[in-house]
$ cat data-v4.tsv   # TSV, C-alpha atoms
chain	number	residue	atom	x	y	z
A	1	MET	CA	-221.01	-151.70	-16.97
A	2	HIS	CA	-217.99	-150.21	-18.77
A	3	ILE	CA	-216.63	-153.14	-20.73
A	4	PRO	CA	-212.81	-152.98	-20.62
A	5	ASP	CA	-210.45	-153.85	-23.48
A	6	GLY	CA	-210.02	-157.57	-23.94
A	7	TYR	CA	-213.44	-158.71	-22.78
A	8	LEU	CA	-215.09	-158.57	-26.19
A	9	SER	CA	-213.91	-160.39	-29.29
A	10	PRO	CA	-213.38	-158.33	-32.47
A	11	GLN	CA	-216.44	-160.03	-34.00
A	12	THR	CA	-218.45	-158.38	-31.22
A	13	TYR	CA	-216.85	-154.98	-30.76
A	14	LEU	CA	-216.44	-154.14	-34.44
A	15	PRO	CA	-220.13	-154.53	-35.37
A	16	LEU	CA	-221.09	-152.59	-32.24
A	17	TYR	CA	-218.79	-149.77	-33.34
A	18	GLY	CA	-220.72	-149.83	-36.61
A	19	VAL	CA	-224.09	-149.63	-34.87
A	20	SER	CA	-222.96	-146.79	-32.62
A	21	PHE	CA	-221.54	-144.89	-35.60
A	22	ALA	CA	-224.89	-145.15	-37.35
A	23	PHE	CA	-226.69	-143.78	-34.28
A	24	TRP	CA	-224.13	-140.96	-33.88
A	25	ALA	CA	-224.55	-139.97	-37.52
A	26	ILE	CA	-228.33	-139.80	-37.29
A	27	ALA	CA	-228.21	-138.13	-33.87
A	28	LEU	CA	-225.83	-135.42	-35.08
A	29	ARG	CA	-228.02	-134.75	-38.10
A	30	LYS	CA	-231.08	-134.45	-35.89
A	31	LEU	CA	-229.16	-132.24	-33.51
A	32	LYS	CA	-228.28	-129.92	-36.35
A	33	SER	CA	-231.83	-129.58	-37.60
A	34	GLU	CA	-233.80	-129.73	-34.35
A	35	LEU	CA	-231.79	-128.43	-31.42
A	36	SER	CA	-232.14	-124.76	-30.66
A	37	VAL	CA	-229.27	-122.69	-29.27
A	38	LYS	CA	-231.05	-122.07	-25.96
A	39	HIS	CA	-230.96	-125.79	-25.19
A	40	ILE	CA	-227.22	-126.17	-25.73
A	41	PRO	CA	-226.29	-125.40	-22.10
A	42	TYR	CA	-228.66	-128.14	-20.93
A	43	LEU	CA	-227.10	-130.58	-23.36
A	44	ALA	CA	-223.63	-129.74	-22.04
A	45	MET	CA	-224.76	-129.99	-18.42
A	46	THR	CA	-226.58	-133.27	-18.91
A	47	ALA	CA	-223.49	-134.78	-20.51
A	48	ALA	CA	-221.36	-133.51	-17.62
A	49	PHE	CA	-223.93	-134.89	-15.17
A	50	SER	CA	-223.79	-138.30	-16.82
A	51	PHE	CA	-220.01	-138.22	-16.41
A	52	ILE	CA	-220.02	-137.24	-12.75
A	53	ILE	CA	-222.91	-139.45	-11.56
A	54	GLN	CA	-220.98	-142.44	-12.89
A	55	MET	CA	-218.14	-141.65	-10.47
A	56	PHE	CA	-220.44	-142.45	-7.55
A	57	ASN	CA	-219.77	-146.14	-7.26
A	58	ILE	CA	-222.30	-147.81	-5.03
A	59	PRO	CA	-221.12	-150.88	-3.15
A	60	ILE	CA	-222.94	-154.15	-2.77
A	61	PRO	CA	-221.39	-155.03	0.60
A	62	GLY	CA	-218.75	-157.71	0.21
A	63	GLY	CA	-219.46	-157.92	-3.50
A	64	THR	CA	-219.15	-155.63	-6.47
A	65	THR	CA	-219.96	-152.01	-7.23
A	66	GLY	CA	-222.14	-150.26	-9.78
A	67	HIS	CA	-223.51	-146.84	-10.49
A	68	ALA	CA	-226.23	-144.84	-12.18
A	69	VAL	CA	-225.56	-143.63	-15.73
A	70	GLY	CA	-227.79	-140.58	-15.96
A	71	ALA	CA	-229.07	-141.65	-19.36
A	72	GLY	CA	-232.64	-141.81	-18.02
A	73	ILE	CA	-232.82	-138.15	-17.13
A	74	ALA	CA	-230.81	-137.31	-20.26
A	75	ALA	CA	-233.49	-138.95	-22.42
A	76	LEU	CA	-236.34	-137.11	-20.70
A	77	LEU	CA	-234.62	-133.72	-20.71
A	78	LEU	CA	-233.04	-133.85	-24.14
A	79	GLY	CA	-234.99	-136.45	-26.05
A	80	PRO	CA	-233.48	-139.84	-26.85
A	81	TRP	CA	-231.51	-138.77	-29.93
A	82	THR	CA	-229.77	-135.84	-28.24
A	83	ALA	CA	-229.20	-138.04	-25.19
A	84	VAL	CA	-227.24	-140.41	-27.45
A	85	ILE	CA	-224.73	-137.62	-28.04
A	86	ALA	CA	-224.64	-136.41	-24.41
A	87	VAL	CA	-223.98	-139.83	-22.88
A	88	SER	CA	-221.63	-140.92	-25.69
A	89	VAL	CA	-219.38	-137.90	-25.12
A	90	ALA	CA	-219.21	-138.73	-21.40
A	91	LEU	CA	-218.37	-142.38	-22.14
A	92	ILE	CA	-215.74	-141.55	-24.78
A	93	ILE	CA	-213.94	-139.12	-22.44
A	94	GLN	CA	-214.08	-141.75	-19.69
A	95	ALA	CA	-212.45	-144.31	-21.96
A	96	ILE	CA	-209.77	-142.09	-23.51
A	97	VAL	CA	-208.75	-139.96	-20.53
A	98	PHE	CA	-209.55	-142.16	-17.54
A	99	GLY	CA	-209.30	-145.68	-18.92
A	100	ASP	CA	-212.85	-146.39	-17.71
A	101	GLY	CA	-214.18	-148.72	-20.39
A	102	GLY	CA	-211.96	-150.00	-23.19
A	103	ILE	CA	-210.93	-148.17	-26.33
A	104	THR	CA	-211.96	-151.17	-28.42
A	105	ALA	CA	-215.22	-151.32	-26.46
A	106	ILE	CA	-216.26	-147.68	-27.02
A	107	GLY	CA	-218.77	-148.78	-29.64
A	108	ALA	CA	-220.22	-151.44	-27.36
A	109	ASN	CA	-220.32	-149.25	-24.26
A	110	CYS	CA	-221.94	-146.40	-26.18
A	111	PHE	CA	-224.46	-148.81	-27.69
A	112	ASN	CA	-225.37	-150.19	-24.26
A	113	MET	CA	-225.47	-147.02	-22.20
A	114	ALA	CA	-225.91	-144.22	-24.75
A	115	VAL	CA	-228.24	-145.86	-27.28
A	116	VAL	CA	-230.18	-148.72	-25.68
A	117	MET	CA	-230.61	-146.94	-22.40
A	118	PRO	CA	-231.93	-143.50	-23.48
A	119	PHE	CA	-234.34	-145.04	-25.99
A	120	THR	CA	-235.62	-147.58	-23.47
A	121	SER	CA	-235.97	-144.88	-20.82
A	122	TYR	CA	-237.84	-142.59	-23.19
A	123	TRP	CA	-240.24	-145.28	-24.41
A	124	VAL	CA	-240.93	-146.48	-20.89
A	125	PHE	CA	-241.71	-142.94	-19.78
A	126	LYS	CA	-244.06	-142.35	-22.71
A	127	LEU	CA	-245.74	-145.70	-22.17
A	128	ALA	CA	-246.19	-145.17	-18.43
A	129	MET	CA	-247.54	-141.66	-18.94
A	130	GLY	CA	-250.06	-143.01	-21.39
A	131	LYS	CA	-252.43	-140.42	-22.71
A	132	SER	CA	-252.07	-138.07	-19.75
A	133	LYS	CA	-252.10	-134.65	-21.37
A	134	ASN	CA	-251.37	-131.22	-20.00
A	135	LEU	CA	-248.21	-132.23	-18.25
A	136	SER	CA	-247.00	-128.69	-17.99
A	137	SER	CA	-246.75	-126.80	-14.78
A	138	PRO	CA	-250.39	-126.53	-13.53
A	139	LEU	CA	-250.26	-130.22	-12.75
A	140	PHE	CA	-247.34	-129.51	-10.52
A	141	SER	CA	-249.05	-127.10	-8.34
A	142	LYS	CA	-250.31	-129.00	-5.31
A	143	GLY	CA	-253.79	-129.21	-6.78
A	144	GLY	CA	-252.80	-131.57	-9.61
A	145	LYS	CA	-254.89	-134.70	-9.32
A	146	GLY	CA	-253.08	-137.98	-9.73
A	147	GLY	CA	-250.78	-136.51	-12.36
A	148	PHE	CA	-247.97	-136.00	-9.90
A	149	ALA	CA	-248.00	-139.61	-8.75
A	150	ARG	CA	-248.17	-140.85	-12.31
A	151	LEU	CA	-245.26	-138.67	-13.34
A	152	SER	CA	-243.18	-139.86	-10.38
A	153	ILE	CA	-243.83	-143.49	-11.23
A	154	ALA	CA	-243.26	-143.00	-14.96
A	155	SER	CA	-239.95	-141.20	-14.46
A	156	PHE	CA	-238.76	-143.70	-11.85
A	157	LEU	CA	-239.57	-146.63	-14.14
A	158	SER	CA	-237.91	-144.83	-17.02
A	159	GLY	CA	-234.56	-144.79	-15.22
A	160	TYR	CA	-235.05	-148.15	-13.50
A	161	ILE	CA	-235.99	-150.15	-16.58
A	162	GLY	CA	-233.59	-148.21	-18.84
A	163	LEU	CA	-230.56	-149.11	-16.72
A	164	SER	CA	-231.70	-152.69	-16.15
A	165	ILE	CA	-232.23	-153.39	-19.86
A	166	SER	CA	-228.89	-151.80	-20.62
A	167	ALA	CA	-227.24	-154.06	-18.02
A	168	VAL	CA	-228.85	-157.17	-19.51
A	169	ILE	CA	-227.67	-156.23	-23.02
A	170	THR	CA	-224.16	-155.74	-21.62
A	171	ALA	CA	-224.40	-159.13	-19.90
A	172	VAL	CA	-225.42	-160.78	-23.18
A	173	GLU	CA	-222.35	-159.28	-24.89
A	174	PHE	CA	-220.17	-160.71	-22.09
A	175	GLY	CA	-222.00	-164.01	-22.02
A	176	ILE	CA	-221.78	-164.85	-25.73
A	177	GLN	CA	-217.98	-164.53	-25.74
A	178	PRO	CA	-217.24	-168.09	-24.55
A	179	ILE	CA	-219.57	-169.37	-27.29
A	180	ILE	CA	-218.12	-167.39	-30.18
A	181	ALA	CA	-214.47	-167.17	-29.20
A	182	ALA	CA	-212.71	-170.14	-27.62
A	183	ASP	CA	-209.33	-171.76	-28.28
A	184	ALA	CA	-208.80	-175.32	-29.49
A	185	ASP	CA	-209.34	-176.69	-25.96
A	186	GLY	CA	-212.59	-174.83	-25.58
A	187	LYS	CA	-211.06	-172.29	-23.20
A	188	PRO	CA	-212.60	-168.84	-23.63
A	189	LEU	CA	-210.38	-166.25	-25.33
A	190	TYR	CA	-212.16	-163.18	-24.02
A	191	ALA	CA	-214.84	-162.64	-21.34
A	192	PRO	CA	-214.88	-166.02	-19.59
A	193	TYR	CA	-218.32	-166.26	-18.02
A	194	PRO	CA	-221.25	-167.84	-19.87
A	195	LEU	CA	-224.69	-166.28	-20.39
A	196	SER	CA	-226.05	-168.39	-17.52
A	197	VAL	CA	-223.78	-166.48	-15.12
A	198	ALA	CA	-223.45	-163.05	-16.71
A	199	VAL	CA	-227.15	-162.36	-17.33
A	200	PRO	CA	-228.54	-163.27	-13.87
A	201	VAL	CA	-225.73	-161.45	-12.04
A	202	MET	CA	-225.97	-158.27	-14.08
A	203	ALA	CA	-229.77	-158.32	-14.14
A	204	LEU	CA	-230.14	-158.89	-10.40
A	205	GLU	CA	-227.66	-156.29	-9.22
A	206	HIS	CA	-229.26	-153.67	-11.43
A	207	LEU	CA	-232.85	-154.65	-10.65
A	208	LEU	CA	-232.21	-154.76	-6.90
A	209	LEU	CA	-229.92	-151.78	-6.40
A	210	PHE	CA	-228.37	-149.72	-9.17
A	211	GLY	CA	-231.58	-149.45	-11.19
A	212	ILE	CA	-233.41	-148.11	-8.16
A	213	ILE	CA	-230.78	-145.38	-7.78
A	214	GLU	CA	-231.09	-144.48	-11.46
A	215	GLY	CA	-234.89	-144.38	-11.11
A	216	VAL	CA	-234.81	-142.13	-8.06
A	217	VAL	CA	-232.27	-139.79	-9.66
A	218	THR	CA	-234.39	-139.60	-12.83
A	219	ALA	CA	-237.62	-138.87	-10.94
A	220	MET	CA	-236.07	-136.27	-8.63
A	221	LEU	CA	-234.32	-134.36	-11.38
A	222	LEU	CA	-237.32	-134.42	-13.70
A	223	LYS	CA	-239.49	-132.93	-10.97
A	224	TYR	CA	-236.85	-130.31	-10.22
A	225	PHE	CA	-236.72	-129.27	-13.86
A	226	LEU	CA	-240.48	-129.23	-14.29
A	227	LYS	CA	-240.75	-126.96	-11.29
A	228	HIS	CA	-238.00	-124.53	-12.28
A	229	GLU	CA	-237.50	-124.75	-16.04
A	230	PRO	CA	-240.30	-126.81	-17.64
A	231	ASP	CA	-239.40	-125.54	-21.11
A	232	ALA	CA	-236.08	-127.36	-20.87
A	233	VAL	CA	-237.84	-130.74	-20.65
A	234	TYR	CA	-238.12	-132.45	-24.03
A	235	ALA	CA	-240.41	-135.26	-22.88
A	236	ILE	CA	-243.03	-132.71	-21.87
A	237	ARG	CA	-242.40	-130.25	-24.72
A	238	GLY	CA	-242.99	-133.09	-27.14
A	239	ASP	CA	-246.51	-133.51	-25.79
A	240	ARG	CA	-247.46	-129.96	-26.49
A	241	GLN	CA	-246.42	-130.04	-30.10
B	1	MET	CA	-226.08	-117.90	-18.57
B	2	THR	CA	-229.31	-117.81	-16.60
B	3	GLY	CA	-229.32	-117.97	-12.81
B	4	PHE	CA	-230.87	-121.42	-13.00
B	5	GLN	CA	-228.10	-122.67	-15.25
B	6	LYS	CA	-225.44	-121.19	-13.00
B	7	LYS	CA	-226.99	-123.05	-10.07
B	8	LEU	CA	-226.83	-126.32	-12.00
B	9	TRP	CA	-223.15	-125.88	-12.87
B	10	ILE	CA	-222.42	-125.20	-9.21
B	11	ALA	CA	-224.35	-128.35	-8.30
B	12	LEU	CA	-222.16	-130.33	-10.73
B	13	ILE	CA	-218.99	-128.97	-9.10
B	14	ILE	CA	-220.38	-129.87	-5.66
B	15	MET	CA	-220.98	-133.38	-6.99
B	16	ALA	CA	-217.33	-133.51	-8.06
B	17	LEU	CA	-216.27	-132.47	-4.55
B	18	LEU	CA	-218.45	-135.24	-3.10
B	19	SER	CA	-217.41	-137.82	-5.69
B	20	PRO	CA	-214.79	-139.48	-3.45
B	21	LEU	CA	-217.77	-141.10	-1.73
B	22	GLY	CA	-217.74	-143.28	-4.84
B	23	ILE	CA	-214.42	-144.79	-3.73
B	24	ILE	CA	-214.74	-144.42	0.05
B	25	LEU	CA	-218.05	-146.32	0.39
B	26	PRO	CA	-216.96	-149.34	-1.69
B	27	GLN	CA	-213.82	-149.55	0.45
B	28	LYS	CA	-215.82	-149.33	3.70
B	29	PHE	CA	-218.19	-152.07	2.54
B	30	ASN	CA	-215.45	-154.22	1.14
B	31	ALA	CA	-216.85	-154.17	-2.39
B	32	GLY	CA	-214.55	-154.85	-5.33
B	33	ASP	CA	-214.65	-153.95	-9.02
B	34	ALA	CA	-217.86	-153.74	-10.99
B	35	TRP	CA	-218.89	-157.10	-12.41
B	36	GLY	CA	-216.99	-157.79	-15.62
B	37	GLU	CA	-214.49	-154.95	-15.13
B	38	TRP	CA	-211.72	-156.86	-13.40
B	39	GLY	CA	-208.06	-156.39	-14.22
B	40	THR	CA	-205.99	-159.35	-15.37
B	41	ASP	CA	-204.61	-159.94	-11.84
B	42	THR	CA	-208.10	-160.35	-10.43
B	43	LEU	CA	-209.15	-162.63	-13.28
B	44	GLU	CA	-206.12	-164.80	-12.67
B	45	LYS	CA	-207.27	-165.15	-9.06
B	46	PHE	CA	-210.85	-166.02	-10.07
B	47	LEU	CA	-210.11	-168.42	-12.92
B	48	GLY	CA	-206.56	-169.58	-12.36
B	49	TYR	CA	-205.66	-168.25	-15.82
B	50	VAL	CA	-206.12	-165.18	-17.99
B	51	PRO	CA	-207.91	-165.79	-21.30
B	52	GLU	CA	-205.39	-165.47	-24.19
B	53	GLY	CA	-207.18	-162.84	-26.26
B	54	LEU	CA	-208.06	-160.82	-23.21
B	55	LYS	CA	-204.44	-160.78	-22.04
B	56	LYS	CA	-203.30	-159.46	-25.42
B	57	MET	CA	-205.84	-156.67	-25.57
B	58	ALA	CA	-206.15	-155.65	-21.92
B	59	ASP	CA	-203.40	-153.04	-21.98
B	60	ILE	CA	-203.90	-151.77	-25.49
B	61	TRP	CA	-204.51	-148.24	-24.22
B	62	LYS	CA	-202.56	-146.26	-21.63
B	63	ALA	CA	-205.02	-143.70	-20.30
B	64	PRO	CA	-203.40	-140.45	-19.09
B	65	ILE	CA	-205.32	-140.60	-15.78
B	66	ALA	CA	-206.06	-144.30	-15.49
B	67	ASP	CA	-208.74	-145.15	-12.89
B	68	TYR	CA	-209.18	-141.46	-12.05
B	69	ASN	CA	-205.92	-141.75	-10.14
B	70	LEU	CA	-203.00	-139.36	-10.63
B	71	GLY	CA	-200.67	-141.46	-8.49
B	72	ASP	CA	-199.51	-144.99	-9.25
B	73	GLU	CA	-201.28	-148.21	-8.28
B	74	ASN	CA	-199.94	-147.97	-4.74
B	75	ALA	CA	-200.92	-144.35	-4.22
B	76	SER	CA	-202.16	-143.56	-0.72
B	77	PHE	CA	-205.90	-143.23	-0.21
B	78	ILE	CA	-205.54	-139.45	0.23
B	79	VAL	CA	-203.84	-139.17	-3.16
B	80	GLN	CA	-206.65	-141.24	-4.68
B	81	ILE	CA	-209.30	-139.05	-3.11
B	82	VAL	CA	-207.68	-135.82	-4.31
B	83	SER	CA	-207.14	-137.37	-7.76
B	84	TYR	CA	-210.79	-138.37	-7.87
B	85	ILE	CA	-211.97	-134.82	-7.20
B	86	ILE	CA	-209.58	-133.38	-9.80
B	87	SER	CA	-210.73	-136.05	-12.29
B	88	GLY	CA	-214.35	-135.12	-11.60
B	89	ILE	CA	-213.80	-131.43	-12.25
B	90	LEU	CA	-211.63	-132.15	-15.28
B	91	GLY	CA	-214.24	-134.58	-16.61
B	92	ILE	CA	-217.08	-132.08	-16.23
B	93	THR	CA	-214.99	-129.46	-18.03
B	94	LEU	CA	-213.92	-131.78	-20.84
B	95	VAL	CA	-217.35	-133.33	-21.40
B	96	GLY	CA	-219.13	-129.98	-21.20
B	97	GLY	CA	-216.49	-128.40	-23.45
B	98	VAL	CA	-216.63	-131.10	-26.12
B	99	VAL	CA	-220.44	-130.93	-26.21
B	100	TYR	CA	-220.31	-127.14	-26.54
B	101	LEU	CA	-217.82	-127.44	-29.36
B	102	ILE	CA	-219.87	-130.01	-31.27
B	103	THR	CA	-223.10	-128.08	-30.90
B	104	ARG	CA	-221.54	-124.68	-31.65
B	105	LEU	CA	-220.31	-126.10	-34.94
B	106	LEU	CA	-223.61	-127.77	-35.81
B	107	VAL	CA	-226.49	-125.83	-34.36
B	108	LYS	CA	-227.51	-122.59	-36.01
B	109	LYS	CA	-231.18	-122.49	-35.05
B	110	GLY	CA	-232.00	-119.72	-32.55

$ encode --input "data-v4.tsv" --output "structure tokens"
Amino acid sequence: MHIPDGYLSPQTYLPLYGVSFAFWAIALRKLKSELSVKHIPYLAMTAAFSFIIQMFNIPIPGGTTGHAVGAGIAALLLGPWTAVIAVSVALIIQAIVFGDGGITAIGANCFNMAVVMPFTSYWVFKLAMGKSKNLSSPLFSKGGKGGFARLSIASFLSGYIGLSISAVITAVEFGIQPIIAADADGKPLYAPYPLSVAVPVMALEHLLLFGIIEGVVTAMLLKYFLKHEPDAVYAIRGDRQ
Amino acid sequence: MTGFQKKLWIALIIMALLSPLGIILPQKFNAGDAWGEWGTDTLEKFLGYVPEGLKKMADIWKAPIADYNLGDENASFIVQIVSYIISGILGITLVGGVVYLITRLLVKKG
């Protein structure tokens, strides 16, 4: 899902740089006013986690590979705005140091994986949790009725749908290239595959495999944190306020 | 640093040590690049040509550790595996470090 240099036309990557800049500016301002010092280590670790989980390429036998992004758990632990910063830092280092994702596509890649994904994941989680209150630890003791199952499903869907939507948005960026940038003969100048190919391929591989991995990772880590350090979990803290 | 946090950092380093699975498994299952992340050689094979604009921009940036590989394109699989682990640890350090730096500068609230 890391768009390389050359796949997006300037009329696509420049506006997406603009959008990502706007989100970074707001996110940094929110970080300054809302983040407390005790949460900084979790921010750093979540960003590092997003970096390392992306190195675990998962094969579709005989086909392509993909991976989780970690933006689902980032959104639940840190809140969507702080997650924007965490995942963006991971993506920018990947592009600059490791050539994973293009330099020109940093804005696009950050928009797809560090903006669209954490916000989708967070909203899905909130929606799936509904009005369930008292999410803090008592629910987690074995006696909790139904809450545990609901939380598992909500956090799984948060990662699963977050990654899948992010993949579809990426596919749309690929797929519109032949329409908006072709030479005189109608040959594409940048990403060559049309929407009718890009969207189904990207959607299916993420819905059938990579999204499931993201969902499982999100659910497992959220439970781990709720058990050991519930105060570090933004999505639950938010409910108590 | 709390004991819990220390445990998490150790878990991240263990993930870096295991990260070569991310290149070994795709090789075992004969899986290629992620969709839409092909190099120009692969595109040429798929399409019979490389789109003009794409060709011009593809190599705009020379990453210091391109593809998480410290060797060249023909590096042996062992070199790639070792490079991958080093990249993982370096990445964790860089990403964690940059985030610390940004937040140290911005966040004052206790």

$ closest_atom_pairs --input "data-v4.tsv" --of "chain B" --to "chain A" --cutoff "8 Å" --atoms "only C-alpha atoms" --output "JSON lines"
{"residue": "B:Phe4", "atom": "CA", "partner": "A:His228", "partner_atom": "CA", "distance": 7.8}
{"residue": "B:Gln5", "atom": "CA", "partner": "A:Pro41", "partner_atom": "CA", "distance": 7.6}
{"residue": "B:Leu8", "atom": "CA", "partner": "A:Met45", "partner_atom": "CA", "distance": 7.7}
{"residue": "B:Trp9", "atom": "CA", "partner": "A:Met45", "partner_atom": "CA", "distance": 7.1}
{"residue": "B:Leu12", "atom": "CA", "partner": "A:Phe49", "partner_atom": "CA", "distance": 6.6}
{"residue": "B:Met15", "atom": "CA", "partner": "A:Ile52", "partner_atom": "CA", "distance": 7.0}
{"residue": "B:Ala16", "atom": "CA", "partner": "A:Ile52", "partner_atom": "CA", "distance": 6.6}
{"residue": "B:Ser19", "atom": "CA", "partner": "A:Phe56", "partner_atom": "CA", "distance": 5.8}
{"residue": "B:Pro20", "atom": "CA", "partner": "A:Phe56", "partner_atom": "CA", "distance": 7.6}
{"residue": "B:Leu21", "atom": "CA", "partner": "A:Phe56", "partner_atom": "CA", "distance": 6.5}
{"residue": "B:Gly22", "atom": "CA", "partner": "A:Phe56", "partner_atom": "CA", "distance": 3.9}
{"residue": "B:Ile23", "atom": "CA", "partner": "A:Asn57", "partner_atom": "CA", "distance": 6.6}
{"residue": "B:Leu25", "atom": "CA", "partner": "A:Pro59", "partner_atom": "CA", "distance": 6.5}
{"residue": "B:Pro26", "atom": "CA", "partner": "A:Pro59", "partner_atom": "CA", "distance": 4.7}
{"residue": "B:Phe29", "atom": "CA", "partner": "A:Pro61", "partner_atom": "CA", "distance": 4.8}
{"residue": "B:Asn30", "atom": "CA", "partner": "A:Gly62", "partner_atom": "CA", "distance": 4.9}
{"residue": "B:Ala31", "atom": "CA", "partner": "A:Gly63", "partner_atom": "CA", "distance": 4.7}
{"residue": "B:Gly32", "atom": "CA", "partner": "A:Thr64", "partner_atom": "CA", "distance": 4.8}
{"residue": "B:Asp33", "atom": "CA", "partner": "A:Thr64", "partner_atom": "CA", "distance": 5.4}
{"residue": "B:Ala34", "atom": "CA", "partner": "A:Thr65", "partner_atom": "CA", "distance": 4.6}
{"residue": "B:Trp35", "atom": "CA", "partner": "A:Thr64", "partner_atom": "CA", "distance": 6.1}
{"residue": "B:Gly36", "atom": "CA", "partner": "A:Ile3", "partner_atom": "CA", "distance": 6.9}
{"residue": "B:Glu37", "atom": "CA", "partner": "A:Pro4", "partner_atom": "CA", "distance": 6.1}
{"residue": "B:Pro51", "atom": "CA", "partner": "A:Leu189", "partner_atom": "CA", "distance": 4.7}
{"residue": "B:Glu52", "atom": "CA", "partner": "A:Leu189", "partner_atom": "CA", "distance": 5.2}
{"residue": "B:Gly53", "atom": "CA", "partner": "A:Leu189", "partner_atom": "CA", "distance": 4.8}
{"residue": "B:Leu54", "atom": "CA", "partner": "A:Gly6", "partner_atom": "CA", "distance": 3.9}
{"residue": "B:Lys55", "atom": "CA", "partner": "A:Gly6", "partner_atom": "CA", "distance": 6.7}
{"residue": "B:Lys56", "atom": "CA", "partner": "A:Gly6", "partner_atom": "CA", "distance": 7.1}
{"residue": "B:Met57", "atom": "CA", "partner": "A:Gly6", "partner_atom": "CA", "distance": 4.6}
{"residue": "B:Ala58", "atom": "CA", "partner": "A:Gly6", "partner_atom": "CA", "distance": 4.8}
{"residue": "B:Asp59", "atom": "CA", "partner": "A:Asp5", "partner_atom": "CA", "distance": 7.3}
{"residue": "B:Ile60", "atom": "CA", "partner": "A:Asp5", "partner_atom": "CA", "distance": 7.2}
{"residue": "B:Trp61", "atom": "CA", "partner": "A:Ile103", "partner_atom": "CA", "distance": 6.8}
{"residue": "B:Lys62", "atom": "CA", "partner": "A:Gly99", "partner_atom": "CA", "distance": 7.3}
{"residue": "B:Ala63", "atom": "CA", "partner": "A:Gly99", "partner_atom": "CA", "distance": 4.9}
{"residue": "B:Pro64", "atom": "CA", "partner": "A:Val97", "partner_atom": "CA", "distance": 5.6}
{"residue": "B:Ile65", "atom": "CA", "partner": "A:Phe98", "partner_atom": "CA", "distance": 4.8}
{"residue": "B:Ala66", "atom": "CA", "partner": "A:Phe98", "partner_atom": "CA", "distance": 4.6}
{"residue": "B:Asp67", "atom": "CA", "partner": "A:Phe98", "partner_atom": "CA", "distance": 5.6}
{"residue": "B:Tyr68", "atom": "CA", "partner": "A:Phe98", "partner_atom": "CA", "distance": 5.5}
{"residue": "B:Gly88", "atom": "CA", "partner": "A:Ile52", "partner_atom": "CA", "distance": 6.2}
{"residue": "B:Gly91", "atom": "CA", "partner": "A:Phe51", "partner_atom": "CA", "distance": 6.8}
{"residue": "B:Ile92", "atom": "CA", "partner": "A:Ala48", "partner_atom": "CA", "distance": 4.7}
{"residue": "B:Thr93", "atom": "CA", "partner": "A:Ala48", "partner_atom": "CA", "distance": 7.6}
{"residue": "B:Leu94", "atom": "CA", "partner": "A:Ile93", "partner_atom": "CA", "distance": 7.5}
{"residue": "B:Val95", "atom": "CA", "partner": "A:Ala48", "partner_atom": "CA", "distance": 5.5}
{"residue": "B:Gly96", "atom": "CA", "partner": "A:Ala44", "partner_atom": "CA", "distance": 4.6}
{"residue": "B:Gly97", "atom": "CA", "partner": "A:Ala44", "partner_atom": "CA", "distance": 7.4}
{"residue": "B:Val98", "atom": "CA", "partner": "A:Val89", "partner_atom": "CA", "distance": 7.4}
{"residue": "B:Val99", "atom": "CA", "partner": "A:Ala44", "partner_atom": "CA", "distance": 5.4}
{"residue": "B:Tyr100", "atom": "CA", "partner": "A:Ala44", "partner_atom": "CA", "distance": 6.2}
{"residue": "B:Thr103", "atom": "CA", "partner": "A:Ile40", "partner_atom": "CA", "distance": 6.9}
{"residue": "B:Leu106", "atom": "CA", "partner": "A:Lys32", "partner_atom": "CA", "distance": 5.2}
{"residue": "B:Val107", "atom": "CA", "partner": "A:Lys32", "partner_atom": "CA", "distance": 4.9}
{"residue": "B:Lys108", "atom": "CA", "partner": "A:Val37", "partner_atom": "CA", "distance": 7.0}
{"residue": "B:Lys109", "atom": "CA", "partner": "A:Ser36", "partner_atom": "CA", "distance": 5.0}
{"residue": "B:Gly110", "atom": "CA", "partner": "A:Val37", "partner_atom": "CA", "distance": 5.2}

$ residues_around --input "data-v4.tsv" --residues "Leu17 (chain B)" --least-positions-apart "5" --cutoff "10 Å" --atoms "only C-alpha atoms" --output "PDB file with C-alpha atoms, in the frame of the given file"
ATOM      1  CA  ALA B  11    -224.350-128.350  -8.300  1.00  0.00           C
ATOM      2  CA  LEU B  12    -222.160-130.330 -10.730  1.00  0.00           C
ATOM      3  CA  ILE B  81    -209.300-139.050  -3.110  1.00  0.00           C
ATOM      4  CA  VAL B  82    -207.680-135.820  -4.310  1.00  0.00           C
ATOM      5  CA  TYR B  84    -210.790-138.370  -7.870  1.00  0.00           C
ATOM      6  CA  ILE B  85    -211.970-134.820  -7.200  1.00  0.00           C
ATOM      7  CA  ILE B  86    -209.580-133.380  -9.800  1.00  0.00           C
ATOM      8  CA  GLY B  88    -214.350-135.120 -11.600  1.00  0.00           C
ATOM      9  CA  ILE B  89    -213.800-131.430 -12.250  1.00  0.00           C
TER      10      ILE B  89
END

$ atom_distance --input "data-v4.tsv" --atom1 "CA of Leu77 (chain A)" --atom2 "CA of Phe119 (chain A)"
12.5 Å

$ closest_residue --input "data-v4.tsv" --among "A:Gly186, A:Gly70, A:Gly130, A:Gly107" --to "Ile153 (chain A)" --atoms "all atoms listed in the file"
A:Gly130

$ atom_distance --input "data-v4.tsv" --atom1 "CA of Ala154 (chain A)" --atom2 "CA of Ala128 (chain A)"
5.0 Å

$ atom_distance --input "data-v4.tsv" --atom1 "CA of Ala219 (chain A)" --atom2 "CA of Ala114 (chain A)"
18.9 Å

$ residues_around --input "data-v4.tsv" --residues "Gln80 (chain B)" --least-positions-apart "5" --cutoff "8 Å" --atoms "only C-alpha atoms" --output "compact mmCIF listing (two decimals) with C-alpha atoms, keeping the file's coordinate frame"
# COMPACT_ATOMS: atom_id res chain seq x y z
CA TYR B 68 -209.18 -141.46 -12.05
CA ASN B 69 -205.92 -141.75 -10.14
CA LEU B 70 -203.00 -139.36 -10.63
CA GLY B 71 -200.67 -141.46 -8.49
CA ALA B 75 -200.92 -144.35 -4.22
